[in-house]
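> Have a peek at input.tsv (TSV, C-alpha atoms).
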```
chain	number	residue	atom	x	y	z
A	29	MET	CA	8.91	49.62	124.60
A	30	PRO	CA	8.68	53.14	125.84
A	31	LYS	CA	9.85	55.83	123.65
A	32	VAL	CA	13.26	57.11	124.64
A	33	LYS	CA	13.09	60.77	125.16
A	34	VAL	CA	16.04	62.50	123.63
A	35	LYS	CA	17.33	65.11	125.96
A	36	ARG	CA	17.96	68.29	124.14
A	37	THR	CA	20.97	70.10	125.51
A	38	LYS	CA	23.29	72.49	123.90
A	39	PRO	CA	26.64	70.78	123.45
A	40	THR	CA	29.15	72.58	125.57
A	41	LEU	CA	32.77	72.68	124.58
A	42	ASP	CA	35.35	73.95	126.98
A	43	MET	CA	37.57	76.17	124.91
A	44	THR	CA	39.84	77.23	127.72
A	45	PRO	CA	42.78	74.85	127.07
A	46	MET	CA	42.78	75.75	123.40
A	47	VAL	CA	42.81	79.43	124.20
A	48	ASP	CA	45.60	78.86	126.69
A	49	LEU	CA	47.65	77.15	124.06
A	50	ALA	CA	46.89	79.77	121.44
A	51	PHE	CA	48.02	82.56	123.72
A	52	LEU	CA	51.10	80.63	124.74
A	53	LEU	CA	52.09	80.33	121.10
A	54	VAL	CA	51.26	83.98	120.43
A	55	THR	CA	53.51	85.00	123.28
A	56	PHE	CA	56.27	82.72	122.07
A	57	PHE	CA	56.19	84.03	118.53
A	58	MET	CA	55.89	87.63	119.67
A	59	LEU	CA	58.99	87.30	121.79
A	60	THR	CA	61.12	85.30	119.39
A	61	THR	CA	60.21	87.05	116.18
A	62	GLN	CA	62.70	89.18	114.35
A	63	PHE	CA	61.28	90.93	111.40
A	64	SER	CA	63.29	90.26	108.35
A	65	PRO	CA	65.01	93.53	107.48
A	66	GLU	CA	64.08	95.30	104.33
A	67	GLU	CA	66.93	95.22	101.89
A	68	ALA	CA	67.68	97.55	99.04
A	69	VAL	CA	68.05	94.76	96.51
A	70	VAL	CA	66.74	91.26	96.19
A	71	VAL	CA	69.29	88.65	95.25
A	72	ASP	CA	68.84	84.99	94.51
A	73	THR	CA	71.74	83.26	96.19
A	74	PRO	CA	73.18	80.00	94.88
A	75	SER	CA	72.73	76.86	96.93
A	76	SER	CA	75.36	74.81	98.69
A	77	VAL	CA	75.57	71.92	101.11
A	78	SER	CA	77.39	74.03	103.68
A	79	GLU	CA	75.77	74.00	107.09
A	80	ILE	CA	77.61	76.86	108.74
A	81	ARG	CA	75.26	79.57	109.89
A	82	LEU	CA	75.96	83.25	109.65
A	83	PRO	CA	76.50	84.86	113.07
A	84	GLU	CA	73.65	86.92	114.47
A	85	SER	CA	75.59	90.12	114.87
A	86	ASN	CA	78.80	91.85	113.80
A	87	VAL	CA	78.34	91.04	110.15
A	88	ILE	CA	79.16	93.09	107.08
A	89	VAL	CA	77.07	91.91	104.16
A	90	ILE	CA	78.36	92.87	100.73
A	91	THR	CA	75.54	92.25	98.30
A	92	VAL	CA	76.27	91.84	94.62
A	93	ASP	CA	73.13	91.92	92.53
A	94	LYS	CA	72.71	90.53	89.06
A	95	ASN	CA	73.35	93.89	87.40
A	96	ASP	CA	76.88	93.93	88.84
A	97	ARG	CA	76.03	96.53	91.47
A	98	VAL	CA	77.63	96.31	94.88
A	99	PHE	CA	75.72	97.15	98.04
A	100	PHE	CA	77.17	97.46	101.50
A	101	GLY	CA	75.46	96.80	104.82
A	102	VAL	CA	76.44	96.53	108.48
A	103	ASP	CA	74.05	95.34	111.14
A	104	SER	CA	74.97	97.39	114.20
A	105	LYS	CA	73.48	100.87	114.44
A	106	GLN	CA	76.35	102.32	116.47
A	107	VAL	CA	78.97	101.00	114.08
A	108	LYS	CA	77.07	102.45	111.12
A	109	GLU	CA	77.03	105.90	112.70
A	110	ALA	CA	80.71	105.73	113.57
A	111	VAL	CA	81.64	104.56	110.09
A	112	LEU	CA	79.58	107.26	108.41
A	113	ASN	CA	81.32	109.92	110.46
A	114	LYS	CA	84.75	108.61	109.52
A	115	MET	CA	83.84	108.32	105.86
A	116	ALA	CA	82.40	111.83	105.95
A	117	GLY	CA	85.72	113.10	107.27
A	118	LYS	CA	87.69	111.23	104.65
A	119	TYR	CA	85.62	112.28	101.66
A	120	GLY	CA	84.86	115.77	102.93
A	121	VAL	CA	81.09	115.36	102.99
A	122	GLY	CA	79.21	116.65	106.01
A	123	PHE	CA	76.15	114.88	107.34
A	124	ASN	CA	73.63	116.44	109.69
A	125	PRO	CA	72.15	114.41	112.59
A	126	ILE	CA	68.97	113.62	110.62
A	127	GLU	CA	70.96	112.15	107.74
A	128	THR	CA	73.09	110.14	110.16
A	129	GLU	CA	69.93	108.81	111.77
A	130	THR	CA	68.47	107.87	108.38
A	131	PHE	CA	71.71	106.15	107.45
A	132	SER	CA	71.82	104.15	110.67
A	133	LEU	CA	68.38	102.72	109.88
A	134	LEU	CA	69.29	101.48	106.41
A	135	THR	CA	70.00	97.78	106.02
A	136	ASN	CA	72.24	98.36	103.06
A	137	PHE	CA	72.88	100.96	100.41
A	138	GLY	CA	74.55	101.20	97.04
A	139	VAL	CA	75.50	104.74	96.13
A	140	PRO	CA	78.90	106.38	95.81
A	141	MET	CA	80.01	108.77	98.52
A	142	ASN	CA	79.31	111.92	96.49
A	143	GLN	CA	75.65	110.92	96.04
A	144	LEU	CA	75.10	109.63	99.54
A	145	LYS	CA	73.90	112.96	100.91
A	146	SER	CA	71.14	113.36	98.35
A	147	TYR	CA	70.30	109.67	98.74
A	148	LEU	CA	69.78	110.11	102.46
A	149	ALA	CA	67.68	113.22	101.89
A	150	MET	CA	65.11	111.24	99.88
A	151	SER	CA	61.86	110.05	101.37
A	152	ASP	CA	61.56	106.34	102.10
A	153	ASP	CA	59.42	105.68	99.04
A	154	ALA	CA	61.65	107.65	96.73
A	155	ARG	CA	64.68	105.82	98.08
A	156	LYS	CA	63.04	102.47	97.48
A	157	LYS	CA	62.35	103.48	93.90
A	158	TYR	CA	65.86	104.83	93.47
A	159	ASP	CA	67.42	101.58	94.74
A	160	LYS	CA	66.27	99.88	91.54
A	161	THR	CA	68.54	102.14	89.50
A	162	ALA	CA	71.17	102.94	92.12
A	163	PRO	CA	74.71	102.85	90.70
A	164	GLY	CA	76.19	100.67	93.46
A	165	ILE	CA	79.36	101.31	95.40
A	166	PRO	CA	82.44	101.80	93.18
A	167	VAL	CA	84.86	98.88	93.39
A	168	ASP	CA	87.19	99.79	90.54
A	169	SER	CA	90.88	99.90	91.21
A	170	THR	CA	90.98	103.66	90.59
A	171	ASN	CA	88.00	104.51	92.75
A	172	ASN	CA	87.45	101.85	95.35
A	173	GLU	CA	85.06	103.13	97.99
A	174	LEU	CA	84.13	99.64	99.10
A	175	ALA	CA	87.66	99.18	100.40
A	176	ASP	CA	87.26	102.31	102.55
A	177	TRP	CA	83.90	101.21	103.89
A	178	VAL	CA	85.27	97.79	104.83
A	179	HIS	CA	88.41	99.30	106.30
A	180	GLN	CA	86.55	101.85	108.43
A	181	THR	CA	84.04	99.28	109.63
A	182	ARG	CA	86.82	96.98	110.69
A	183	LEU	CA	88.46	99.81	112.58
A	184	SER	CA	85.20	100.58	114.39
A	185	ASN	CA	84.40	96.96	115.11
A	186	PRO	CA	87.37	94.56	114.92
A	187	LYS	CA	85.19	91.51	115.53
A	188	VAL	CA	83.24	91.98	112.35
A	189	VAL	CA	82.72	89.04	109.97
A	190	ILE	CA	82.49	89.70	106.26
A	191	ALA	CA	79.95	87.92	104.11
A	192	ILE	CA	79.41	88.19	100.38
A	193	LYS	CA	75.88	87.70	99.15
A	194	GLY	CA	76.06	87.27	95.43
A	195	ASP	CA	73.30	86.65	92.94
A	196	GLN	CA	73.72	83.37	91.14
A	197	ASP	CA	73.63	85.03	87.72
A	198	VAL	CA	76.19	87.73	88.40
A	199	SER	CA	79.35	87.41	86.37
A	200	TYR	CA	82.37	86.26	88.30
A	201	GLU	CA	84.26	89.39	87.35
A	202	THR	CA	82.39	91.56	89.84
A	203	VAL	CA	82.71	89.02	92.62
A	204	GLN	CA	86.39	88.77	91.86
A	205	LYS	CA	86.72	92.54	92.20
A	206	VAL	CA	85.06	92.39	95.61
A	207	ILE	CA	87.26	89.50	96.71
A	208	SER	CA	90.47	91.20	95.60
A	209	THR	CA	89.32	94.39	97.35
A	210	LEU	CA	88.98	92.39	100.54
A	211	GLN	CA	92.35	90.77	100.01
A	212	ASP	CA	93.95	94.17	99.57
A	213	LYS	CA	92.54	95.08	102.96
A	214	LYS	CA	94.09	91.92	104.42
A	215	VAL	CA	90.76	90.15	104.77
A	216	ASN	CA	91.54	86.61	103.77
A	217	ARG	CA	88.71	84.89	105.55
A	218	PHE	CA	85.17	85.58	104.56
A	219	ASN	CA	81.85	83.90	103.96
A	220	LEU	CA	79.69	83.39	100.93
A	221	ILE	CA	75.99	83.42	101.73
A	222	THR	CA	74.20	80.50	100.15
A	223	ASP	CA	70.90	78.69	100.28
A	224	MET	CA	70.39	75.26	101.66
A	225	GLU	CA	70.87	72.21	99.51
A	226	ASN	CA	70.82	68.55	100.44
A	227	ARG	CA	74.11	66.78	100.60
A	228	PRO	CA	74.20	63.90	98.15
A	229	THR	CA	74.27	60.62	100.02
A	230	ASN	CA	76.06	58.39	97.54
A	231	LEU	CA	79.38	59.49	96.28
B	16	MET	CA	30.48	77.24	124.10
B	17	ALA	CA	33.02	78.24	126.63
B	18	GLU	CA	31.79	78.70	130.11
B	19	VAL	CA	33.17	80.41	133.10
B	20	GLN	CA	31.64	79.29	136.32
B	21	GLU	CA	31.31	81.90	138.92
B	22	LYS	CA	30.05	81.67	142.43
B	23	ALA	CA	27.91	84.55	143.45
B	24	ASP	CA	28.25	85.38	147.09
B	25	SER	CA	25.09	86.50	148.73
B	26	GLY	CA	27.09	88.41	151.32
B	27	LYS	CA	24.71	87.68	154.17
B	28	GLY	CA	26.95	84.96	155.49
B	29	GLY	CA	25.53	82.32	157.69
B	30	LYS	CA	24.11	79.05	156.51
B	31	LYS	CA	22.46	80.30	153.45
B	32	ARG	CA	23.82	78.49	150.46
B	33	ALA	CA	25.42	80.66	147.87
B	34	LYS	CA	23.37	80.89	144.79
B	35	LYS	CA	25.14	79.16	141.94
B	36	MET	CA	25.02	81.17	138.81
B	37	SER	CA	26.84	80.36	135.68
B	38	VAL	CA	27.96	83.25	133.61
B	39	HIS	CA	28.26	82.46	129.99
B	40	LEU	CA	31.13	84.23	128.43
B	41	ASP	CA	31.51	84.06	124.71
B	42	MET	CA	35.19	83.55	124.12
B	43	THR	CA	34.97	83.26	120.35
B	44	PRO	CA	36.11	86.78	119.39
B	45	MET	CA	39.05	86.52	121.71
B	46	VAL	CA	40.03	83.19	120.24
B	47	ASP	CA	39.65	84.64	116.76
B	48	LEU	CA	42.01	87.43	117.64
B	49	ALA	CA	44.47	85.09	119.32
B	50	PHE	CA	44.67	82.91	116.25
B	51	LEU	CA	44.92	85.88	113.96
B	52	LEU	CA	47.95	87.09	115.90
B	53	LEU	CA	49.36	83.60	116.02
B	54	THR	CA	49.12	83.24	112.27
B	55	PHE	CA	50.65	86.67	111.72
B	56	PHE	CA	53.66	86.00	113.90
B	57	MET	CA	54.14	82.52	112.55
B	58	LEU	CA	54.27	83.80	109.01
B	59	THR	CA	56.46	86.82	109.61
B	60	THR	CA	59.03	85.19	111.82
B	61	THR	CA	62.37	84.28	110.30
B	62	PHE	CA	63.84	81.35	112.08
B	63	SER	CA	66.77	80.31	110.06
B	64	LYS	CA	69.76	82.54	109.69
B	65	PRO	CA	71.24	82.41	106.22
B	66	GLN	CA	73.73	79.74	105.49
B	67	THR	CA	77.27	80.52	104.58
B	68	MET	CA	80.26	78.94	103.06
B	69	GLU	CA	83.55	79.86	104.58
B	70	ILE	CA	86.54	80.35	102.35
B	71	ASN	CA	90.04	81.29	103.24
B	72	MET	CA	92.10	83.04	100.65
B	73	PRO	CA	95.86	82.80	100.80
B	74	VAL	CA	97.62	85.81	102.23
B	75	LYS	CA	99.01	87.92	99.44
B	76	GLU	CA	102.74	87.49	99.62
B	77	GLU	CA	104.88	90.56	99.39
B	78	SER	CA	107.70	88.69	97.75
B	79	PRO	CA	106.80	85.95	95.29
B	80	GLU	CA	110.16	84.24	95.85
B	81	ASP	CA	109.04	83.09	99.30
B	82	GLN	CA	106.29	80.98	97.88
B	83	MET	CA	106.70	77.31	97.26
B	84	PRO	CA	106.07	76.46	93.64
B	85	LEU	CA	103.48	73.80	93.07
B	86	LYS	CA	104.63	70.72	91.26
B	87	ALA	CA	102.76	70.11	88.05
B	88	SER	CA	102.20	66.48	88.98
B	89	ASN	CA	100.32	67.56	92.08
B	90	ALA	CA	97.94	69.95	90.39
B	91	LEU	CA	94.48	69.63	88.99
B	92	THR	CA	93.18	72.74	87.28
B	93	ILE	CA	89.47	73.32	86.94
B	94	ILE	CA	88.35	76.10	84.62
B	95	VAL	CA	84.89	77.52	85.11
B	96	GLY	CA	83.83	78.76	81.72
B	97	GLU	CA	80.94	80.78	80.41
B	98	ASN	CA	77.53	79.27	79.59
B	99	ASP	CA	77.86	76.77	82.47
B	100	LYS	CA	80.76	75.02	80.82
B	101	LEU	CA	83.45	73.34	82.84
B	102	PHE	CA	86.91	72.18	81.85
B	103	TYR	CA	89.68	70.46	83.72
B	104	TYR	CA	93.17	69.21	83.14
B	105	PHE	CA	95.95	67.77	85.22
B	106	GLY	CA	99.01	69.90	85.66
B	107	LEU	CA	99.61	73.61	85.65
B	108	GLY	CA	98.73	74.28	82.06
B	109	ASP	CA	102.17	74.96	80.69
B	110	PRO	CA	101.72	75.06	76.90
B	111	ALA	CA	104.94	73.10	76.51
B	112	ASP	CA	103.35	70.16	78.32
B	113	ASN	CA	100.42	70.22	75.95
B	114	PRO	CA	97.88	69.31	78.64
B	115	GLU	CA	94.82	67.34	77.68
B	116	VAL	CA	91.87	69.60	78.44
B	117	LEU	CA	88.69	67.69	79.13
B	118	GLU	CA	85.18	69.02	79.31
B	119	SER	CA	82.99	68.13	82.24
B	120	ASP	CA	79.77	69.28	83.89
B	121	TYR	CA	78.28	69.95	87.31
B	122	SER	CA	76.24	66.77	87.58
B	123	ALA	CA	76.99	63.93	89.96
B	124	ASN	CA	78.78	62.07	87.18
B	125	GLY	CA	80.76	65.08	86.05
B	126	ILE	CA	83.47	66.80	88.00
B	127	ARG	CA	82.62	64.90	91.18
B	128	LYS	CA	83.81	61.65	89.57
B	129	VAL	CA	87.08	63.34	88.66
B	130	LEU	CA	87.58	64.66	92.18
B	131	LEU	CA	86.90	61.20	93.61
B	132	SER	CA	89.09	59.40	91.11
B	133	PRO	CA	92.15	57.62	92.54
B	134	ARG	CA	94.47	60.03	90.80
B	135	VAL	CA	93.16	62.86	92.97
B	136	LYS	CA	92.13	61.03	96.13
B	137	SER	CA	95.23	58.90	96.62
B	138	ASN	CA	97.60	61.82	96.21
B	139	ASP	CA	97.78	63.75	99.47
B	140	LYS	CA	99.60	66.62	97.86
B	141	MET	CA	97.08	67.07	95.09
B	142	THR	CA	95.95	70.67	94.96
B	143	VAL	CA	92.92	71.73	93.01
B	144	LEU	CA	93.21	75.11	91.33
B	145	VAL	CA	89.90	76.72	90.56
B	146	LYS	CA	90.10	79.30	87.82
B	147	ALA	CA	86.92	81.11	86.99
B	148	MET	CA	86.59	83.09	83.79
B	149	GLU	CA	85.38	86.66	84.14
B	150	THR	CA	82.32	85.84	82.09
B	151	SER	CA	81.30	82.81	84.13
B	152	ARG	CA	78.41	82.93	86.51
B	153	TYR	CA	78.98	83.29	90.23
B	154	LYS	CA	76.72	80.28	90.79
B	155	ASN	CA	79.17	78.05	88.93
B	156	MET	CA	82.01	79.08	91.18
B	157	VAL	CA	79.91	78.31	94.25
B	158	ASP	CA	78.96	74.97	92.69
B	159	ILE	CA	82.61	74.06	92.26
B	160	LEU	CA	83.42	75.05	95.83
B	161	ASP	CA	80.47	72.94	96.84
B	162	GLU	CA	81.74	69.93	94.92
B	163	LEU	CA	85.11	70.34	96.62
B	164	LYS	CA	83.30	70.32	99.93
B	165	ILE	CA	81.22	67.28	99.05
B	166	THR	CA	84.26	65.32	97.94
B	167	GLU	CA	86.16	66.57	101.00
B	168	THR	CA	89.00	67.93	98.95
B	169	LYS	CA	90.94	69.97	101.45
B	170	LYS	CA	93.60	71.52	99.28
B	171	PHE	CA	92.23	73.95	96.81
B	172	ALA	CA	92.80	77.52	95.77
B	173	LEU	CA	90.96	80.17	93.84
B	174	VAL	CA	93.34	81.42	91.22
B	175	ASP	CA	92.97	84.16	88.64
B	176	ILE	CA	92.63	82.83	85.13
B	177	THR	CA	95.56	83.25	82.77
B	178	ASP	CA	95.60	83.88	79.03
B	179	ASN	CA	97.11	80.46	78.70
B	180	ASP	CA	94.05	78.81	80.14
B	181	LYS	CA	91.79	80.83	77.90
B	182	THR	CA	93.73	79.67	74.85
B	183	LEU	CA	93.51	76.08	76.02
B	184	VAL	CA	89.75	76.36	76.42
B	185	GLN	CA	89.45	77.98	72.99
B	186	GLN	CA	91.37	75.12	71.46
B	187	THR	CA	89.16	72.54	73.17
B	188	LEU	CA	86.02	74.28	72.04
B	189	GLY	CA	87.37	74.58	68.50
B	190	GLN	CA	88.00	70.89	68.15
```
Give the structure from this file in C-alpha cells form.

Amino acid sequence: MPKVKVKRTKPTLDMTPMVDLAFLLVTFFMLTTQFSPEEAVVVDTPSSVSEIRLPESNVIVITVDKNDRVFFGVDSKQVKEAVLNKMAGKYGVGFNPIETETFSLLTNFGVPMNQLKSYLAMSDDARKKYDKTAPGIPVDSTNNELADWVHQTRLSNPKVVIAIKGDQDVSYETVQKVISTLQDKKVNRFNLITDMENRPTNL
Amino acid sequence: MAEVQEKADSGKGGKKRAKKMSVHLDMTPMVDLAFLLLTFFMLTTTFSKPQTMEINMPVKEESPEDQMPLKASNALTIIVGENDKLFYYFGLGDPADNPEVLESDYSANGIRKVLLSPRVKSNDKMTVLVKAMETSRYKNMVDILDELKITETKKFALVDITDNDKTLVQQTLGQ
C-alpha cells in the first residue's frame, strides 16, 4: 500500500459573513442605543407585577431617596429652560444663559431655589459630590417648592405625565407629602416607578 | 484566514488571459474592532423603559357633604405598620364597634388570602381602604397596591391614617 501523502495546506476560513453580521449588529446597536442618563441619586425601587411602561417622553420624575430627599427631573430640554425662567421670575433669582444651559442638561436636581444658582455654578465633579449631601427640594406645607415646579412644568407642557420614583426604604411620610402636594395641584393620576416582578400563577 | 479575491487586469486587452492574483487581506484587526464596538453597545444600551404602576387618587372634594359615606359593612381596612407589619379589620374602625384587628403579612398566604376570601370577593361594593403609617416603608405600600392588583380588587383607596387606627394597632400589639 502506497503511503498517502498528506497535503499540507493552510486551512482557509472565510470570515466575511461573520464580519458582515458583526457590523450589522454594531450598526443596529449604535442606532438604537440610548445612554442611560446620569442621575443625581441612586434609588432602589420596589418591585411590582405591573406591566405598564413609562412613556418615552413628557415625563416628570420625582425621585425620593432613602434619606427623605426629594429630587425633581423633567426630560425635555426646552421645557426645562422654560420652567427655569418662570421659576426665576417667581422667586426673584436671575440666571444667566450659561446657568440655564447647565440646568437644561441636568437629569434631576435636589436643591431649594435659593441655592440653585450656586449649585449650577459648580463644576460637574463638584456637583456630583454635592448631590450626596444635597438638601432636596422643600415639600413642607409652609415652603413647598415642589408644588411650584410641578405647576410650572404643567403649564409649559400640559401633556406631561408625573411619575414618583421612591426608594423602597423611604418612610411613607415623605411619599405622602409628595402625593398630597400633587393632589393640591389637582394631579390625581400619577405613576409609581417600580421594578419587574413575576406575577404569581396560583392564587 | 479571510481572503479577498481580486482580478488583476493586464490592461493590454486582447486574448491574453488576465493574471489571477489573490490578495490576502488580514481582516482580524477589523473584526476585533467590530466585536469590541458590538460588545460596548450591547452592554451600554438600555432596552427596557422602567415599569410603572398607575394610581388614581380621588379628587379632593371642596365640600365634604357631597361625598357618599361608605357603609361599614362594605369596608375592609388595611393598615400598613412599621417594621413590615400589616394589620387589617373589617369595617371603618369606629371604636364603638370594637373591630377585631388581625395581624397579617405580605406572603402569599397572608393578606392575599384575605383579599380573595368570599367576604371580600363576593361583595361587589367592598372597598379596601389602605392606610399607611408615617413610619412605614414605601415598599410596603407598593406591596399592598401590588396585592390589590394581583387579586384584581378594583375598589380601593389610599387614606390617611387616623389616631383611631393607631390606637387599635397599639392595642393589638399590646395583647
> Find, counting all atoms listed in the file, the residue in A:Lys213, A:Lys156, A:Lys31, A:Arg182 that gets nearest to Lys108 (chain A).
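Nearest candidate to Lys108 (chain A) out of A:Lys213, A:Lys156, A:Lys31, A:Arg182: A:Arg182.
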> Using only C-alpha atoms, collect all residues at a distance of at most 12 Å from (78.2, 108.1, 94.3) as written in the file, then present them as a PyMOL selection string.
chain A and resi 98-99+119+121+137-148+162-167+171-174
> Write out, as a PDB file, in the frame of the given file, the residues just selected, with C-alpha atoms.

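Resulting contents of part18.pdb:
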```
ATOM      1  CA  VAL A  98      77.630  96.310  94.880  1.00  0.00           C
ATOM      2  CA  PHE A  99      75.720  97.150  98.040  1.00  0.00           C
ATOM      3  CA  TYR A 119      85.620 112.280 101.660  1.00  0.00           C
ATOM      4  CA  VAL A 121      81.090 115.360 102.990  1.00  0.00           C
ATOM      5  CA  PHE A 137      72.880 100.960 100.410  1.00  0.00           C
ATOM      6  CA  GLY A 138      74.550 101.200  97.040  1.00  0.00           C
ATOM      7  CA  VAL A 139      75.500 104.740  96.130  1.00  0.00           C
ATOM      8  CA  PRO A 140      78.900 106.380  95.810  1.00  0.00           C
ATOM      9  CA  MET A 141      80.010 108.770  98.520  1.00  0.00           C
ATOM     10  CA  ASN A 142      79.310 111.920  96.490  1.00  0.00           C
ATOM     11  CA  GLN A 143      75.650 110.920  96.040  1.00  0.00           C
ATOM     12  CA  LEU A 144      75.100 109.630  99.540  1.00  0.00           C
ATOM     13  CA  LYS A 145      73.900 112.960 100.910  1.00  0.00           C
ATOM     14  CA  SER A 146      71.140 113.360  98.350  1.00  0.00           C
ATOM     15  CA  TYR A 147      70.300 109.670  98.740  1.00  0.00           C
ATOM     16  CA  LEU A 148      69.780 110.110 102.460  1.00  0.00           C
ATOM     17  CA  ALA A 162      71.170 102.940  92.120  1.00  0.00           C
ATOM     18  CA  PRO A 163      74.710 102.850  90.700  1.00  0.00           C
ATOM     19  CA  GLY A 164      76.190 100.670  93.460  1.00  0.00           C
ATOM     20  CA  ILE A 165      79.360 101.310  95.400  1.00  0.00           C
ATOM     21  CA  PRO A 166      82.440 101.800  93.180  1.00  0.00           C
ATOM     22  CA  VAL A 167      84.860  98.880  93.390  1.00  0.00           C
ATOM     23  CA  ASN A 171      88.000 104.510  92.750  1.00  0.00           C
ATOM     24  CA  ASN A 172      87.450 101.850  95.350  1.00  0.00           C
ATOM     25  CA  GLU A 173      85.060 103.130  97.990  1.00  0.00           C
ATOM     26  CA  LEU A 174      84.130  99.640  99.100  1.00  0.00           C
TER      27      LEU A 174
END
```
> Using Å and a single decimal, report how far CA of Thr92 (chain B) sits from CA of Val143 (chain B).
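Here the two named atoms are 5.8 Å from each other.
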> Identify every residue of chain A that has at least one atom within 8 Å of any atom of chain B, counting only C-alpha atoms, and report the result as an MDAnalysis selection string.
chainID A and resid 39:44 47 50:51 53:54 57:58 60:64 73:84 191 194:201 203 211 214 216:224 227:228 231
> Residues proximal to (103.2, 75.4, 89.5) were defined as those with any atom within 12 Å of that point in the file's coordinates, counting all atoms listed in the file. Which are they, as a list in words?
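Selection result: Gln82, Met83, Pro84, Leu85, Lys86, Ala87, Ser88, Asn89, Ala90, Leu91, Thr92, Phe105, Gly106, Leu107, Gly108, Asp109, Met141, Thr142, Val143, Leu144 and Val174 of chain B.
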> Just the selected residues (C-alpha atoms), exported as a PDB file, keeping the file's coordinate frame, please.

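Produced file result.pdb, reproduced below:
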```pdb
ATOM      1  CA  GLN B  82     106.290  80.980  97.880  1.00  0.00           C
ATOM      2  CA  MET B  83     106.700  77.310  97.260  1.00  0.00           C
ATOM      3  CA  PRO B  84     106.070  76.460  93.640  1.00  0.00           C
ATOM      4  CA  LEU B  85     103.480  73.800  93.070  1.00  0.00           C
ATOM      5  CA  LYS B  86     104.630  70.720  91.260  1.00  0.00           C
ATOM      6  CA  ALA B  87     102.760  70.110  88.050  1.00  0.00           C
ATOM      7  CA  SER B  88     102.200  66.480  88.980  1.00  0.00           C
ATOM      8  CA  ASN B  89     100.320  67.560  92.080  1.00  0.00           C
ATOM      9  CA  ALA B  90      97.940  69.950  90.390  1.00  0.00           C
ATOM     10  CA  LEU B  91      94.480  69.630  88.990  1.00  0.00           C
ATOM     11  CA  THR B  92      93.180  72.740  87.280  1.00  0.00           C
ATOM     12  CA  PHE B 105      95.950  67.770  85.220  1.00  0.00           C
ATOM     13  CA  GLY B 106      99.010  69.900  85.660  1.00  0.00           C
ATOM     14  CA  LEU B 107      99.610  73.610  85.650  1.00  0.00           C
ATOM     15  CA  GLY B 108      98.730  74.280  82.060  1.00  0.00           C
ATOM     16  CA  ASP B 109     102.170  74.960  80.690  1.00  0.00           C
ATOM     17  CA  MET B 141      97.080  67.070  95.090  1.00  0.00           C
ATOM     18  CA  THR B 142      95.950  70.670  94.960  1.00  0.00           C
ATOM     19  CA  VAL B 143      92.920  71.730  93.010  1.00  0.00           C
ATOM     20  CA  LEU B 144      93.210  75.110  91.330  1.00  0.00           C
ATOM     21  CA  VAL B 174      93.340  81.420  91.220  1.00  0.00           C
TER      22      VAL B 174
END
```
> To one decimal place, how far is CA of Gly122 (chain A) from CA of Asn185 (chain A) in Å?
22.3 Å
> To one decimal place, how far is CA of Val89 (chain A) from CA of Gly101 (chain A) in Å?
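Straight-line distance from CA of Val89 (chain A) to CA of Gly101 (chain A) works out to 5.2 Å.
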> Using the file's own x, y and z axes, so that the box edges lie along x, y and z, what centre and edge lengths in Å (one decimal) does a box around every listed atom of region 49-58 of chain B get when 6 Å is added on each side? Give it as JSON.

```
{"center_x": 49.4, "center_y": 84.8, "center_z": 114.2, "size_x": 21.8, "size_y": 16.6, "size_z": 22.3}
```
> Counting all atoms listed in the file, figure out which residue out of B:Phe102, B:Lys146, B:Val184, B:Lys140 gets nearest to Ile126 (chain B).
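Of B:Phe102, B:Lys146, B:Val184, B:Lys140, the one nearest Ile126 (chain B) is B:Phe102, counting all atoms listed in the file.
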> Which neighbours of Tyr103 (chain B) fall inside 7 Å, counting all atoms listed in the file, when residues of the same chain fewer than 4 positions from it are skipped, and could you give them as a list of chain:residue names?
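Answer for this query is B:Thr92, B:Ile93, B:Ile94, B:Val116, B:Leu117, B:Glu118.
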